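Data file: upload.cif. Format and content: mmCIF, C-alpha atoms.
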data_run
loop_
_atom_site.group_PDB
_atom_site.id
_atom_site.type_symbol
_atom_site.label_atom_id
_atom_site.label_comp_id
_atom_site.auth_asym_id
_atom_site.auth_seq_id
_atom_site.Cartn_x
_atom_site.Cartn_y
_atom_site.Cartn_z
ATOM 1 C CA MET A 627 33.861 6.010 27.670
ATOM 2 C CA SER A 628 31.960 6.752 24.441
ATOM 3 C CA HIS A 629 33.842 7.541 21.248
ATOM 4 C CA ASP A 630 30.728 8.660 19.389
ATOM 5 C CA LYS A 631 31.009 11.973 17.654
ATOM 6 C CA PRO A 632 28.156 14.458 18.017
ATOM 7 C CA PHE A 633 25.422 14.399 15.394
ATOM 8 C CA LYS A 634 25.342 17.211 12.881
ATOM 9 C CA ARG A 635 22.222 18.652 11.288
ATOM 10 C CA ALA A 636 21.575 19.815 7.750
ATOM 11 C CA ARG A 637 18.720 22.127 6.770
ATOM 12 C CA SER A 638 16.326 21.521 3.903
ATOM 13 C CA ASP A 639 13.315 23.395 2.513
ATOM 14 C CA TRP A 640 11.539 20.134 1.674
ATOM 15 C CA THR A 641 7.925 19.860 2.806
ATOM 16 C CA GLU A 642 7.405 16.528 1.050
ATOM 17 C CA VAL A 643 9.464 13.641 -0.318
ATOM 18 C CA VAL A 644 8.662 11.420 -3.305
ATOM 19 C CA LEU A 645 10.485 8.107 -3.686
ATOM 20 C CA VAL A 646 10.931 6.789 -7.248
ATOM 21 C CA CYS A 647 12.178 3.308 -8.123
ATOM 22 C CA ARG A 648 15.589 3.625 -9.741
ATOM 23 C CA LYS A 649 15.454 0.139 -11.278
ATOM 24 C CA CYS A 650 12.105 0.759 -13.029
ATOM 25 C CA SER A 651 13.354 4.113 -14.299
ATOM 26 C CA LYS A 652 16.567 2.632 -15.617
ATOM 27 C CA LYS A 653 14.723 -0.191 -17.421
ATOM 28 C CA LEU A 654 12.470 2.324 -19.190
ATOM 29 C CA GLY A 655 15.354 4.605 -20.111
ATOM 30 C CA GLY A 656 13.095 7.670 -20.165
ATOM 31 C CA GLY A 657 9.520 8.066 -21.255
ATOM 32 C CA PHE A 658 8.646 11.197 -19.242
ATOM 33 C CA GLY A 659 8.976 14.949 -19.541
ATOM 34 C CA GLU A 660 8.090 17.262 -22.425
ATOM 35 C CA ASN A 661 9.900 15.219 -25.073
ATOM 36 C CA GLY A 662 9.516 11.840 -23.390
ATOM 37 C CA ASP A 663 13.263 11.495 -22.991
ATOM 38 C CA GLN A 664 13.637 11.989 -19.223
ATOM 39 C CA ARG A 665 13.505 9.610 -16.307
ATOM 40 C CA LEU A 666 10.503 10.099 -14.021
ATOM 41 C CA ALA A 667 12.539 11.502 -11.120
ATOM 42 C CA LYS A 668 14.156 14.168 -13.300
ATOM 43 C CA ALA A 669 10.827 15.145 -14.876
ATOM 44 C CA LEU A 670 9.196 15.420 -11.425
ATOM 45 C CA ARG A 671 12.041 17.554 -10.086
ATOM 46 C CA LYS A 672 11.599 19.922 -13.007
ATOM 47 C CA GLN A 673 7.805 19.991 -12.549
ATOM 48 C CA VAL A 674 7.808 20.800 -8.833
ATOM 49 C CA GLY A 675 10.646 23.322 -9.126
ATOM 50 C CA GLY A 676 13.675 23.968 -7.010
ATOM 51 C CA LYS A 677 16.906 22.076 -6.809
ATOM 52 C CA GLY A 678 18.490 19.951 -4.122
ATOM 53 C CA ARG A 679 17.805 20.941 -0.548
ATOM 54 C CA LYS A 680 16.282 24.251 -1.667
ATOM 55 C CA ALA A 681 13.410 22.539 -3.488
ATOM 56 C CA ARG A 682 9.987 22.321 -1.844
ATOM 57 C CA VAL A 683 9.696 18.634 -2.783
ATOM 58 C CA GLY A 684 12.546 16.170 -2.589
ATOM 59 C CA VAL A 685 12.460 13.564 -5.365
ATOM 60 C CA ILE A 686 14.720 10.664 -4.475
ATOM 61 C CA GLU A 687 15.524 7.616 -6.581
ATOM 62 C CA VAL A 688 15.654 4.539 -4.350
ATOM 63 C CA GLY A 689 16.315 0.838 -4.755
ATOM 64 C CA CYS A 690 13.760 -1.622 -6.099
ATOM 65 C CA PHE A 691 10.263 -1.775 -4.570
ATOM 66 C CA ASP A 692 9.948 -5.379 -5.874
ATOM 67 C CA ILE A 693 6.829 -4.693 -7.932
ATOM 68 C CA CYS A 694 8.622 -4.412 -11.290
ATOM 69 C CA PRO A 695 5.716 -3.346 -13.529
ATOM 70 C CA LYS A 696 6.098 -3.516 -17.296
ATOM 71 C CA ASN A 697 6.466 -0.131 -19.018
ATOM 72 C CA ALA A 698 5.915 1.768 -15.771
ATOM 73 C CA VAL A 699 7.723 3.220 -12.750
ATOM 74 C CA VAL A 700 6.748 2.920 -9.078
ATOM 75 C CA ALA A 701 6.555 6.149 -7.063
ATOM 76 C CA VAL A 702 5.583 6.725 -3.420
ATOM 77 C CA LYS A 703 4.808 9.935 -1.571
ATOM 78 C CA ALA A 704 6.620 9.485 1.741
ATOM 79 C CA SER A 705 3.780 10.994 3.786
ATOM 80 C CA ASN A 706 1.437 8.357 2.309
ATOM 81 C CA PRO A 707 3.532 5.164 2.367
ATOM 82 C CA GLY A 708 0.559 2.844 1.936
ATOM 83 C CA ASP A 709 -0.283 4.186 -1.529
ATOM 84 C CA TRP A 710 2.247 3.112 -4.137
ATOM 85 C CA VAL A 711 1.614 4.605 -7.564
ATOM 86 C CA VAL A 712 2.482 2.663 -10.709
ATOM 87 C CA VAL A 713 3.140 5.399 -13.274
ATOM 88 C CA PRO A 714 2.826 4.242 -16.894
ATOM 89 C CA ARG A 715 5.422 5.341 -19.456
ATOM 90 C CA GLY A 716 4.369 8.574 -21.118
ATOM 91 C CA ALA A 717 2.165 9.838 -18.277
ATOM 92 C CA SER A 718 2.323 13.616 -18.023
ATOM 93 C CA THR A 719 4.243 14.958 -15.058
ATOM 94 C CA ARG A 720 1.197 17.078 -14.233
ATOM 95 C CA ALA A 721 -0.937 13.934 -13.984
ATOM 96 C CA VAL A 722 1.712 12.279 -11.810
ATOM 97 C CA THR A 723 1.904 15.231 -9.396
ATOM 98 C CA GLU A 724 -1.902 15.252 -9.151
ATOM 99 C CA ARG A 725 -2.046 11.483 -8.520
ATOM 100 C CA LEU A 726 0.659 11.709 -5.864
ATOM 101 C CA GLY A 727 -1.295 14.479 -4.147
ATOM 102 C CA LEU A 728 1.246 17.205 -4.806
ATOM 103 C CA ALA A 729 -1.246 19.344 -6.775
ATOM 104 C CA ASP A 730 -4.988 19.441 -7.350
ATOM 105 C CA ALA A 731 -6.720 19.159 -10.721
ATOM 106 C CA ASP A 732 -6.212 22.882 -11.428
ATOM 107 C CA GLY A 733 -2.472 22.514 -10.948
ATOM 108 C CA ASP A 734 -2.459 24.390 -7.651
ATOM 109 C CA ALA A 735 -0.311 22.906 -4.941
ATOM 110 C CA HIS A 736 -2.468 22.106 -1.952
ATOM 111 C CA SER A 737 -0.473 19.427 -0.166
ATOM 112 C CA VAL A 738 2.846 21.181 -0.385
ATOM 113 C CA PRO A 739 2.897 24.647 1.189
ATOM 114 C CA GLY A 740 4.899 27.161 -0.790
ATOM 115 C CA LEU A 741 4.980 25.073 -3.965
ATOM 116 C CA ALA A 742 4.516 27.275 -7.022
ATOM 117 C CA LYS A 743 1.571 26.718 -9.336
ATOM 118 C CA ILE A 744 2.333 23.857 -11.680
ATOM 119 C CA ALA A 745 2.246 24.818 -15.361
#
Can I see the file as C-alpha coordinates?
Amino acid sequence: MSHDKPFKRARSDWTEVVLVCRKCSKKLGGGFGENGDQRLAKALRKQVGGKGRKARVGVIEVGCFDICPKNAVVAVKASNPGDWVVVPRGASTRAVTERLGLADADGDAHSVPGLAKIA
(Lines of atoms letter the chains of each structure in order from A and count residues from 1; the text may use other names and numbers.)
(Lines give C-alpha, C1' and ligand atoms only; values in the text may rest on other atoms or scores of the structure.)
Protein backbone atom coordinates (compact mmCIF):
# COMPACT_ATOMS: atom_id res chain seq x y z
CA MET A 1 0.00 0.00 0.00
CA SER A 2 1.36 3.43 -0.97
CA HIS A 3 1.42 6.25 1.57
CA ASP A 4 2.29 8.90 -1.02
CA LYS A 5 0.13 11.96 -0.95
CA PRO A 6 -1.18 13.33 -4.25
CA PHE A 7 0.88 15.99 -6.00
CA LYS A 8 -0.41 19.53 -5.93
CA ARG A 9 0.07 22.10 -8.66
CA ALA A 10 0.80 25.81 -8.46
CA ARG A 11 0.20 28.24 -11.32
CA SER A 12 2.71 30.78 -12.57
CA ASP A 13 2.71 33.38 -15.36
CA TRP A 14 6.40 32.78 -16.06
CA THR A 15 7.35 32.26 -19.70
CA GLU A 16 11.07 32.21 -18.95
CA VAL A 17 13.41 31.63 -16.01
CA VAL A 18 16.81 33.23 -15.39
CA LEU A 19 19.17 31.64 -12.87
CA VAL A 20 21.64 33.97 -11.11
CA CYS A 21 24.54 32.81 -8.94
CA ARG A 22 23.83 33.80 -5.36
CA LYS A 23 27.46 33.43 -4.28
CA CYS A 24 28.78 35.77 -7.01
CA SER A 25 26.08 38.31 -6.19
CA LYS A 26 26.82 38.19 -2.49
CA LYS A 27 30.58 38.65 -3.06
CA LEU A 28 29.94 41.76 -5.17
CA GLY A 29 27.45 43.20 -2.70
CA GLY A 30 25.63 45.12 -5.44
CA GLY A 31 26.94 46.82 -8.53
CA PHE A 32 23.73 46.77 -10.61
CA GLY A 33 20.58 48.82 -11.02
CA GLU A 34 20.14 52.56 -11.48
CA ASN A 35 22.38 53.54 -8.57
CA GLY A 36 24.65 50.50 -8.71
CA ASP A 37 23.54 49.39 -5.27
CA GLN A 38 21.41 46.34 -6.15
CA ARG A 39 22.23 42.70 -6.63
CA LEU A 40 21.84 41.46 -10.20
CA ALA A 41 18.76 39.34 -9.47
CA LYS A 42 16.90 42.26 -7.89
CA ALA A 43 17.84 44.62 -10.73
CA LEU A 44 16.68 42.06 -13.33
CA ARG A 45 13.38 41.51 -11.54
CA LYS A 46 12.76 45.24 -11.59
CA GLN A 47 13.76 45.49 -15.27
CA VAL A 48 11.50 42.71 -16.55
CA GLY A 49 8.56 43.74 -14.36
CA GLY A 50 6.13 41.76 -12.31
CA LYS A 51 6.57 40.14 -8.96
CA GLY A 52 6.71 36.54 -7.83
CA ARG A 53 4.59 34.07 -9.74
CA LYS A 54 2.77 36.90 -11.54
CA ALA A 55 5.93 38.08 -13.30
CA ARG A 56 6.55 37.12 -16.93
CA VAL A 57 10.16 36.16 -16.13
CA GLY A 58 11.22 34.32 -13.01
CA VAL A 59 14.62 35.44 -11.70
CA ILE A 60 15.95 32.89 -9.24
CA GLU A 61 19.14 33.07 -7.21
CA VAL A 62 20.76 29.62 -7.10
CA GLY A 63 23.84 28.05 -5.57
CA CYS A 64 27.32 28.40 -7.02
CA PHE A 65 27.96 27.58 -10.69
CA ASP A 66 31.66 26.98 -9.83
CA ILE A 67 32.98 29.58 -12.26
CA CYS A 68 33.56 32.31 -9.65
CA PRO A 69 34.57 35.21 -11.92
CA LYS A 70 36.17 38.29 -10.41
CA ASN A 71 33.92 41.37 -10.28
CA ALA A 72 31.13 39.61 -12.17
CA VAL A 73 28.03 37.45 -11.69
CA VAL A 74 27.06 34.31 -13.63
CA ALA A 75 23.54 34.20 -15.10
CA VAL A 76 21.84 31.52 -17.21
CA LYS A 77 18.60 31.64 -19.17
CA ALA A 78 16.99 28.29 -18.37
CA SER A 79 15.79 27.73 -21.95
CA ASN A 80 19.41 28.08 -23.12
CA PRO A 81 21.39 26.13 -20.51
CA GLY A 82 24.51 25.84 -22.65
CA ASP A 83 25.12 29.60 -22.69
CA TRP A 84 26.29 30.90 -19.33
CA VAL A 85 26.69 34.67 -19.22
CA VAL A 86 29.37 36.27 -17.06
CA VAL A 87 27.92 39.70 -16.27
CA PRO A 88 30.53 42.28 -15.24
CA ARG A 89 29.83 44.60 -12.29
CA GLY A 90 28.15 47.78 -13.47
CA ALA A 91 26.61 46.32 -16.64
CA SER A 92 23.26 47.93 -17.38
CA THR A 93 20.24 45.74 -16.76
CA ARG A 94 19.11 46.57 -20.29
CA ALA A 95 22.36 45.15 -21.68
CA VAL A 96 21.97 42.05 -19.51
CA THR A 97 18.39 41.40 -20.68
CA GLU A 98 19.52 41.82 -24.30
CA ARG A 99 22.49 39.45 -23.81
CA LEU A 100 20.28 36.85 -22.13
CA GLY A 101 17.86 37.05 -25.06
CA LEU A 102 15.00 38.55 -23.08
CA ALA A 103 14.85 41.68 -25.27
CA ASP A 104 16.24 42.83 -28.60
CA ALA A 105 18.48 45.85 -29.15
CA ASP A 106 15.46 48.20 -29.27
CA GLY A 107 14.34 47.01 -25.85
CA ASP A 108 11.36 45.11 -27.22
CA ALA A 109 10.76 41.71 -25.71
CA HIS A 110 10.88 39.11 -28.44
CA SER A 111 11.73 35.94 -26.54
CA VAL A 112 9.25 36.46 -23.76
CA PRO A 113 5.64 36.80 -24.92
CA GLY A 114 3.70 39.41 -23.01
CA LEU A 115 6.77 41.09 -21.54
CA ALA A 116 6.36 44.86 -21.54
CA LYS A 117 8.77 47.04 -23.47
CA ILE A 118 11.93 47.52 -21.45
CA ALA A 119 12.70 51.16 -20.64
- Message: Would you pick out the contacts of A:Val685 at 7 Å or less, using all atoms listed in the file, so that residues sharing its chain but fewer than 4 positions from it are not included, and give the list as an MDAnalysis selection string?
- Response: chainID A and resid 643:645 667 671
How big is the axis-aligned box around the listed atoms of stretch 683-700 of chain A once 4 Å is added on each side, and where is its centre? Give both in Å to one decimal, as AutoDock Vina command-line options.
--center_x 11.0 --center_y 6.6 --center_z -10.8 --size_x 18.6 --size_y 32.0 --size_z 24.4
- Message: I'd like the interatomic distance between atom CA of A:Lys631 and atom CA of A:Ile686, to a tenth of an Å.
- Response: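 Taking atom CA of A:Lys631 and atom CA of A:Ile686, their separation equals 27.5 Å.
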- Message: Residues within 10 Å of A:Gly659, please, as a PyMOL selection string. Count only C-alpha atoms; anything in the same chain fewer than 2 positions from it doesn't count.
- Response: chain A and resi 656-657+661-670+672-673+716-720
- Query: Do you have the atom CA of A:Lys652-atom CA of A:Pro714 distance handy?
  - Reply: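 Atom CA of A:Pro714 lies 13.9 Å from atom CA of A:Lys652.
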Write out as a PDB file with C-alpha atoms, in the frame of the given file each polymer residue whose atoms come within 10 Å of A:Ala701, counting only C-alpha atoms; drop sequence neighbours fewer than 4 positions from it.
ATOM      1  CA  VAL A 644       8.662  11.420  -3.305  1.00  0.00           C
ATOM      2  CA  LEU A 645      10.485   8.107  -3.686  1.00  0.00           C
ATOM      3  CA  VAL A 646      10.931   6.789  -7.248  1.00  0.00           C
ATOM      4  CA  CYS A 647      12.178   3.308  -8.123  1.00  0.00           C
ATOM      5  CA  ARG A 648      15.589   3.625  -9.741  1.00  0.00           C
ATOM      6  CA  CYS A 650      12.105   0.759 -13.029  1.00  0.00           C
ATOM      7  CA  LEU A 666      10.503  10.099 -14.021  1.00  0.00           C
ATOM      8  CA  ALA A 667      12.539  11.502 -11.120  1.00  0.00           C
ATOM      9  CA  VAL A 685      12.460  13.564  -5.365  1.00  0.00           C
ATOM     10  CA  ILE A 686      14.720  10.664  -4.475  1.00  0.00           C
ATOM     11  CA  GLU A 687      15.524   7.616  -6.581  1.00  0.00           C
ATOM     12  CA  VAL A 688      15.654   4.539  -4.350  1.00  0.00           C
ATOM     13  CA  PHE A 691      10.263  -1.775  -4.570  1.00  0.00           C
ATOM     14  CA  PRO A 707       3.532   5.164   2.367  1.00  0.00           C
ATOM     15  CA  ASP A 709      -0.283   4.186  -1.529  1.00  0.00           C
ATOM     16  CA  TRP A 710       2.247   3.112  -4.137  1.00  0.00           C
ATOM     17  CA  VAL A 711       1.614   4.605  -7.564  1.00  0.00           C
ATOM     18  CA  VAL A 712       2.482   2.663 -10.709  1.00  0.00           C
ATOM     19  CA  VAL A 713       3.140   5.399 -13.274  1.00  0.00           C
ATOM     20  CA  VAL A 722       1.712  12.279 -11.810  1.00  0.00           C
ATOM     21  CA  LEU A 726       0.659  11.709  -5.864  1.00  0.00           C
TER      22      LEU A 726
END
- Task: Could you check how far atom CA of A:Asn697 sits from atom CA of A:Ala721, in Å to one decimal?
- Result: 16.7 Å
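Shortest atom-to-atom contact with A:Leu728 among A:Lys703, A:Lys696, A:Arg715, A:Lys680: A:Lys703, counting all atoms listed in the file.
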- Query: So, counting all atoms listed in the file, which residue among A:Val700, A:Leu654, A:Ala729, A:Lys677 is closest to A:Ser638?
  - Reply: A:Lys677
- Message: Taking (4.7, 14.6, 0.5) in the coordinates of the supplied file, I want to know which residues reach to within 9 Å of it, counting all atoms listed in the file; could you give the answer as an NGL selection string?
- Response: :A and (640-644 or 683-684 or 702-706 or 726-728 or 737-738)
Just the selected residues (C-alpha atoms), exported as an mmCIF file, keeping the file's coordinate frame, please.
data_model
loop_
_atom_site.group_PDB
_atom_site.id
_atom_site.type_symbol
_atom_site.label_atom_id
_atom_site.label_comp_id
_atom_site.auth_asym_id
_atom_site.auth_seq_id
_atom_site.Cartn_x
_atom_site.Cartn_y
_atom_site.Cartn_z
ATOM 1 C CA TRP A 640 11.539 20.134 1.674
ATOM 2 C CA THR A 641 7.925 19.860 2.806
ATOM 3 C CA GLU A 642 7.405 16.528 1.050
ATOM 4 C CA VAL A 643 9.464 13.641 -0.318
ATOM 5 C CA VAL A 644 8.662 11.420 -3.305
ATOM 6 C CA VAL A 683 9.696 18.634 -2.783
ATOM 7 C CA GLY A 684 12.546 16.170 -2.589
ATOM 8 C CA VAL A 702 5.583 6.725 -3.420
ATOM 9 C CA LYS A 703 4.808 9.935 -1.571
ATOM 10 C CA ALA A 704 6.620 9.485 1.741
ATOM 11 C CA SER A 705 3.780 10.994 3.786
ATOM 12 C CA ASN A 706 1.437 8.357 2.309
ATOM 13 C CA LEU A 726 0.659 11.709 -5.864
ATOM 14 C CA GLY A 727 -1.295 14.479 -4.147
ATOM 15 C CA LEU A 728 1.246 17.205 -4.806
ATOM 16 C CA SER A 737 -0.473 19.427 -0.166
ATOM 17 C CA VAL A 738 2.846 21.181 -0.385
#
